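Written out below as structure tokens is the structure these notes cover.
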Amino acid sequence: MRRPAPTTLRRRRRTTLLALGLTGALGLAITPSALAGSILPQSGGSSAANHISSLYSITLYIAIVIFIFVEGTLLYCLVKFRSRKGREAKQRHGNTRLEITWTLGAAAIVVALATLTFLDLHAIRTPPNSGPGGLNLSNGVQYKTIGSLKPPNGRAITIQVAGRQYVWIYTYLGVSKQPDGLGDPYTTYKMVVPTNTTIILHVVSQDVIHEWWVPQLGGKVQAVPGYMNPTWFKIDKPGTYKGQCSFLCGRGHARMIAEVQAVPPAQYERWLNNLHRGIAKAGELDAACRKELANSQGAGSVELKKNC
Amino acid sequence: MATATISPTPEIIAHEVSRAPRGLMGWLTTTDHKRIGILYLVTSFVFFILGGTEALMIRLQLGTANNTLISPEVYNQLFTMHGTTMVFLFIMPVLAGFANYFLPLMIGARDMAFPRLNALSYWLFLCGGLVLYGSVFWSPPEAGWISTVPLAESTYLPSGGVDAWIYLIHLTGIASLLGAINFFVTVANMRAPGMTWSRLPLFVWSVLATSILLIISIPVIAGAVTMLLLDRHFGTHFFDAAEGGSALLWQNLFWFFGHPEVYILILPSFGIFSEVLPVFARKPIFGYKAIAASTIMISFLGLLVWVHHMFTTPTPLVVIVFAMISSFLISVPTGIKIFNWIGTLWDGAIEFKTPLIFAVGGIALFTIGGISGVFLAMFPVDWQLSDTYFVVAHIHFVLVGGSVFGIFAGVYYWYPKITGRLMSESLGKWSFWLMFWGTLITFMIQHSLGLDGMPRRVYEYPDVGHLQLYNQISTVGSWILGLGVLLTLVNVWRSLKHGAIAGPDPWKANTLEWFTTSPPPVNNFDEIPRVRSLEPMKDIRREVERQSREGAGARRRAPDKVRVGT
């Protein structure tokens with residue numbers, strides 16, 4: 001059997017590898033947004049998610065090169081070195097120089113990946129200041145952040161996210177209108193936030209471990225009883241972002257969903273005022289009810305009037 | 001001399017040797033490492049069928065969006081039983097089975113160091129399995145194979161399922177611990193003459209490393225589940241934040257065991273790859289010392305990385321960074337292994353027998369799991385991927401691609417030694433291709449499921465995005481994978497009667513287990529050969545050839561009767 005000259009072979013091999021690599025890279029480069037959710041992590045809600053997605057995609061490029069190289073060499077061996085008539089295996093025990101080379105090569109890739117991670121870490125972990133179109137937080141101390149995460153100017157909206165079998169409860173910290181400071185407004189299931197404004201979340205749990213995750217807004221954080229685990233997001237575009245508890249919390253785990261609705265600051269303030277009005281009204285009803293109860297005491301009546 | 005010295009003469013007192021019990025009694029009372037090995041292998045494959053059935057039911061439930069076929073309660077029980085079974089009742093004991101059968105043979109020993117302890121290990125393992133599966137008749141555990149607290153506390157799961165899980169961990173844990181000590185002592189003391197540490201087969205190296213990991217990590221999980229048991233029934237509050245305990249304590253203790261556990265599950269399979277490849281490539285293993293050293297390196301680093309399972313917990317950043325860097329470092333010795341395996345194939349004369357195909361396919365699939373592991377080690381990326389189907393895909397490429405394909409390579413490679421018969425090659429190849437494509441189809445698409453926002457351990461999902469399509473692909477893949485496994489089980493059964501007679505050394509292999517007959521006699525070797533290299537069987541075959549060349553007219557002797565060494 002005649003074999004092509006070794007140089008031709010090598011060239012052909014190089015062309016094939018190059019073609020494979022290029023197709024892969026091209027396929028990834030064309031429409032990154034369309035690939036989110038199947039090839040890349042979801043993003044687009046908050047900058048942390050975008051940074052994670054780009055860190056992921058750089059890693060993916062490196063991974064594809066390694067994958068093609070390793071699997072390609074393996075496949076090449078299986079085709080090229082299969083047992084045939086007259087084929088003798090070369091009795092080789094190792095090659096120290098080659099082994100040192102690939103050890104150093106693997107170490108170099110690892111160092112590169114660690115460096116990339118550290119370069120991106122600040123942008124992912126540390127919240128930025130609110131944008132120019134965001135809620136005006138400059139006047140009023142009620143919006144000062146509490147806890148470990150804060151933007152450089154220290155001003156953000158802080159929301160406590162409490163996980164409970166099987167619902168998320170959002171308490172807007174420090175915005176109570178009552179003189180005693182108690183009665184921060186809260187909602188369940190749906191969180192409403194202003195756009196362009198830095199939101200700090202204090203994730204806690206009331207029973208078992210839960211995990212807060214809205215993919216388009218960034219990574220997840222565990223809600224562990226006894227701990228406060230902070231995270232943040234800042235949404236530029238108004239819209240609805242969906243997520244769900246991602247840590248097994250019992251039989252209703254799959255139904256423990258979350259929704260974040262980002263609205264323009266003016267609309268947010270209207271919504272918050274509505275919430276305050278509701279709280280005030282509930283307070284009035286409460287007072288009336290207490291009065292009724294006090295009046296009905298002693299008369300032996302357990303029937304409650306319209307307010308209770 | 002006046003005084004005559006009296007030297008003691010050896011005195012032989014012959015007792016009547018009690019006959020070894022036969023039949024069922026023989027199996028129940030055996031201390032023979034080979035019979036115990038077979039018990040381990042058969043029992044763990046029974047649990048494999050159970051765990052596999054549970055997996056197929058999970059995939060069936062996820063076959064369509066908003067499916068109501070299985071209730072949330074039963075679904076949680078299914079994935080808990082599936083994970084627990086595959087880890088503690090299949091992969092660990094099946095590898096213990098191979099190690100039991102072949103480790104003494106490979107190092108030229110007549111049995112394990114402590115044969116009765118060895119039998120105790122098996123029976124404790126079986127009891128653990130029976131306790132867990134006994135719970136099926138009232139209420140199986142449903143807190144996942146990691147039994148995270150506080151969910152596993154009696155406040156949230158008062159039924160006995162979690163207790164059954166705790167006793168499973170205790171019983172199989174003691175079994176593993178005793179087994180590990182036994183293997184360690186056997187390797188340290190009972191090697192054939194001439195078998196230095198640098199001539200130890202790589203499978204034995206991997207069992208040795210695994211034993212060390214078990215000895216270090218099992219006491220920690222035993223302590224943790226004891227604390228859980230005390231919390232559940234005796235009023236302690238180790239994991240109860242309201243009373244000054246910590247739920248994170250459980251995660252730290254569990255993963256301190258749980259991560260080395262992954263290497264306990266995969267290193268012996270790596271050892272099988274390292275045994276099978278040189279035999280069928282007809283070449284020595286490439287870089288023996290590097291592979292042995294990387295096994296030890298992986299074990300050591302494997303003890304430092306447990307926090308990478310906890311990147312999303314409230315843990316200080318410096319600890320998280322340490323976990324990332326140590327996890328990255330593991331990819332170096334793992335990469336060394338893969339390169340050395342490819343180096344072993346390079347310039348070989350590869351014979352495509354079923355054991356080799358499973359080994360190579362396993363390496364190809366494991367590589368995917370290894371690469372996806374790098375993504376998960378980068379903690380900001382893990383914040384997106386953790387607890388999603390991306391992780392499910394990763395562990396299954398590692399544990400199916402790495403461990404299970406290694407186990408199947410071992411089954412096809414060593415079956416002739418255990419039974420004296422060869423398995424069907426054509427059925428074996430069908431099984432391989434179905435399993436290979438089944439694994440790829442089932443688990444590759446699960447990366448995308450995770451990226452698309454599907455958390456793990458959910459019994460239903462809404463019909464949004466591509467979730468339903470991706471899940472359907474995965475479910476179809478699981479049937480293909482299941483069919484592939486079934487074919488090997490049929491092959492094992494059929495070949496018992498119909499397989500071709502293997503002879504002592506059907507593969508022309510390198511290690512000492514092929515020196516004796518198939519199946520080996522009770523005492524393994526009438527004569528233990530002196531080991532002169534890493535591949536004693538090559539030396540022996542060469543010696544046989546030389547002798548038969550020299551004594552052309554002389555009576556030829558069967559290879560296993562040839563006198564080698566002193």
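Just remember, in the structure tokens the first chain shown is A, the second B, etc., residues are 1-based per chain, and ligands are 1-based in the order shown.
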Which residues are close to Ala292 of chain B, i.e. within 8 Å by only C-alpha atoms, leaving aside same-chain residues fewer than 6 positions away? Reply as a compact mmCIF listing (two decimals) with N, CA and C atoms, in the first residue's frame.
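Output contents, as saved in part_30.txt:
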# COMPACT_ATOMS: atom_id res chain seq x y z
N LEU B 202 -1.26 -0.68 38.05
CA LEU B 202 -1.90 0.63 38.28
C LEU B 202 -3.28 0.50 38.91
N TRP B 205 -2.56 0.41 42.51
CA TRP B 205 -2.29 1.77 42.97
C TRP B 205 -3.59 2.53 43.23
N SER B 206 -4.52 2.39 42.30
CA SER B 206 -5.76 3.16 42.45
C SER B 206 -6.57 2.66 43.64
Original post:
Out of segment 125-231 of chain A, which residues get strand (DSSP E or B) from DSSP, as a ChimeraX atom specification?
Top reply: /A:144,155,157-164,167-172,186-188,190-194,199-205,210-212,221-223,229-231
Atoms kept (N, CA and C atoms) for selection, written as a CSV table (one decimal), in the first residue's frame:
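Saved the output as again_30.csv:
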chain,number,residue,atom,x,y,z
A,144,LYS,N,-30.3,53.9,52.7
A,144,LYS,CA,-28.9,53.5,53.0
A,144,LYS,C,-28.9,52.0,53.1
A,155,ARG,N,-25.5,54.0,48.4
A,155,ARG,CA,-26.9,54.2,48.3
A,155,ARG,C,-27.5,53.1,47.4
A,157,ILE,N,-31.3,50.3,47.1
A,157,ILE,CA,-32.5,49.8,47.8
A,157,ILE,C,-32.2,48.4,48.4
A,158,THR,N,-32.5,48.2,49.6
A,158,THR,CA,-32.2,46.9,50.2
A,158,THR,C,-33.5,46.1,50.4
A,159,ILE,N,-33.6,44.9,49.9
A,159,ILE,CA,-34.8,44.1,50.0
A,159,ILE,C,-34.4,42.8,50.7
A,160,GLN,N,-35.1,42.4,51.7
A,160,GLN,CA,-34.8,41.1,52.4
A,160,GLN,C,-35.6,40.1,51.6
A,161,VAL,N,-34.9,39.0,51.1
A,161,VAL,CA,-35.6,37.9,50.4
A,161,VAL,C,-35.6,36.8,51.4
A,162,ALA,N,-36.8,36.4,51.9
A,162,ALA,CA,-36.9,35.3,52.8
A,162,ALA,C,-37.6,34.1,52.2
A,163,GLY,N,-36.9,33.0,52.2
A,163,GLY,CA,-37.4,31.7,51.7
A,163,GLY,C,-38.2,31.0,52.7
A,164,ARG,N,-39.3,30.4,52.3
A,164,ARG,CA,-40.1,29.7,53.2
A,164,ARG,C,-40.8,28.6,52.4
A,167,VAL,N,-42.5,29.6,49.3
A,167,VAL,CA,-42.8,30.9,48.8
A,167,VAL,C,-41.7,31.9,49.2
A,168,TRP,N,-41.5,32.9,48.3
A,168,TRP,CA,-40.5,33.9,48.6
A,168,TRP,C,-41.2,35.1,49.1
A,169,ILE,N,-40.7,35.7,50.2
A,169,ILE,CA,-41.3,36.9,50.8
A,169,ILE,C,-40.2,38.0,50.7
A,170,TYR,N,-40.7,39.2,50.1
A,170,TYR,CA,-39.8,40.3,49.9
A,170,TYR,C,-40.1,41.4,50.8
A,171,THR,N,-39.2,41.8,51.7
A,171,THR,CA,-39.5,42.9,52.6
A,171,THR,C,-38.6,44.1,52.2
A,172,TYR,N,-39.2,45.3,51.9
A,172,TYR,CA,-38.5,46.5,51.5
A,172,TYR,C,-38.0,47.1,52.8
A,186,TYR,N,-44.1,44.6,52.6
A,186,TYR,CA,-43.6,43.3,52.0
A,186,TYR,C,-44.5,42.8,50.9
A,187,THR,N,-44.0,42.0,50.0
A,187,THR,CA,-44.9,41.3,49.1
A,187,THR,C,-44.4,39.9,49.0
A,188,THR,N,-45.2,39.0,48.4
A,188,THR,CA,-44.8,37.6,48.1
A,188,THR,C,-44.8,37.4,46.6
A,190,LYS,N,-44.0,38.1,43.8
A,190,LYS,CA,-43.5,39.1,42.8
A,190,LYS,C,-42.8,40.3,43.5
A,191,MET,N,-41.6,40.5,43.1
A,191,MET,CA,-40.8,41.7,43.6
A,191,MET,C,-40.9,42.8,42.5
A,192,VAL,N,-41.2,44.0,43.0
A,192,VAL,CA,-41.2,45.1,42.1
A,192,VAL,C,-40.0,46.0,42.4
A,193,VAL,N,-39.2,46.4,41.4
A,193,VAL,CA,-38.1,47.2,41.6
A,193,VAL,C,-38.0,48.3,40.6
A,194,PRO,N,-37.4,49.5,40.9
A,194,PRO,CA,-37.2,50.5,39.9
A,194,PRO,C,-36.0,50.2,39.0
A,199,ILE,N,-30.0,47.3,43.5
A,199,ILE,CA,-30.9,46.6,44.4
A,199,ILE,C,-30.0,45.6,45.2
A,200,ILE,N,-29.9,45.7,46.5
A,200,ILE,CA,-29.2,44.7,47.3
A,200,ILE,C,-30.2,43.8,47.9
A,201,LEU,N,-29.9,42.5,47.8
A,201,LEU,CA,-30.8,41.5,48.4
A,201,LEU,C,-30.2,40.9,49.6
A,202,HIS,N,-30.9,40.8,50.7
A,202,HIS,CA,-30.4,40.0,51.8
A,202,HIS,C,-31.2,38.7,51.9
A,203,VAL,N,-30.6,37.7,51.4
A,203,VAL,CA,-31.3,36.4,51.3
A,203,VAL,C,-31.2,35.6,52.6
A,204,VAL,N,-32.4,35.3,53.1
A,204,VAL,CA,-32.4,34.5,54.4
A,204,VAL,C,-33.5,33.4,54.3
A,205,SER,N,-33.5,32.6,55.3
A,205,SER,CA,-34.5,31.5,55.2
A,205,SER,C,-35.2,31.4,56.5
A,210,HIS,N,-33.1,27.2,51.0
A,210,HIS,CA,-33.7,27.5,49.7
A,210,HIS,C,-32.6,28.2,48.9
A,211,GLU,N,-32.8,28.5,47.7
A,211,GLU,CA,-31.8,29.1,46.9
A,211,GLU,C,-32.4,30.1,45.9
A,212,TRP,N,-32.0,31.4,46.1
A,212,TRP,CA,-32.6,32.5,45.2
A,212,TRP,C,-31.9,32.4,43.9
A,221,VAL,N,-27.8,32.4,45.2
A,221,VAL,CA,-27.3,32.4,46.6
A,221,VAL,C,-28.2,31.5,47.4
A,222,GLN,N,-27.6,30.8,48.3
A,222,GLN,CA,-28.4,29.9,49.2
A,222,GLN,C,-29.0,30.7,50.3
A,223,ALA,N,-30.2,30.4,50.7
A,223,ALA,CA,-30.8,31.0,51.9
A,223,ALA,C,-30.7,29.9,53.0
A,229,ASN,N,-27.3,36.0,53.4
A,229,ASN,CA,-26.4,35.8,52.2
A,229,ASN,C,-26.8,36.9,51.2
A,230,PRO,N,-25.9,37.9,51.0
A,230,PRO,CA,-26.2,39.1,50.2
A,230,PRO,C,-26.0,38.8,48.7
A,231,THR,N,-26.7,39.5,47.9
A,231,THR,CA,-26.5,39.5,46.4
A,231,THR,C,-27.1,40.8,45.9
Original post:
Which residues in segment 172-417 of chain B does DSSP call alpha helix (DSSP H)? List them as a PyMOL selection string.
Top reply: chain B and resi 172-189+202-233+247-281+288-302+317-345+354-377+379-385+389-396+405-417
**OP:** Considering only C-alpha atoms, extract the chain A residues located within 7 Å of chain B and return them as a ChimeraX atom specification.
**Re:** /A:37-42,52,56,63,71,74,77,81-83,87-94,103,106-107,110,117,208-209,215,218-222,224-227,229,246-251,253-254
**OP:** Go through B:Gly410, B:Gly161, B:Pro193, B:Gly484 one by one, measure the shortest atom-to-atom distance of each to Ser139 of chain B using only C-alpha atoms, and give the residue with the smallest value.
**Re:**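 Counting only C-alpha atoms, the residue closest to Ser139 of chain B is B:Gly161.
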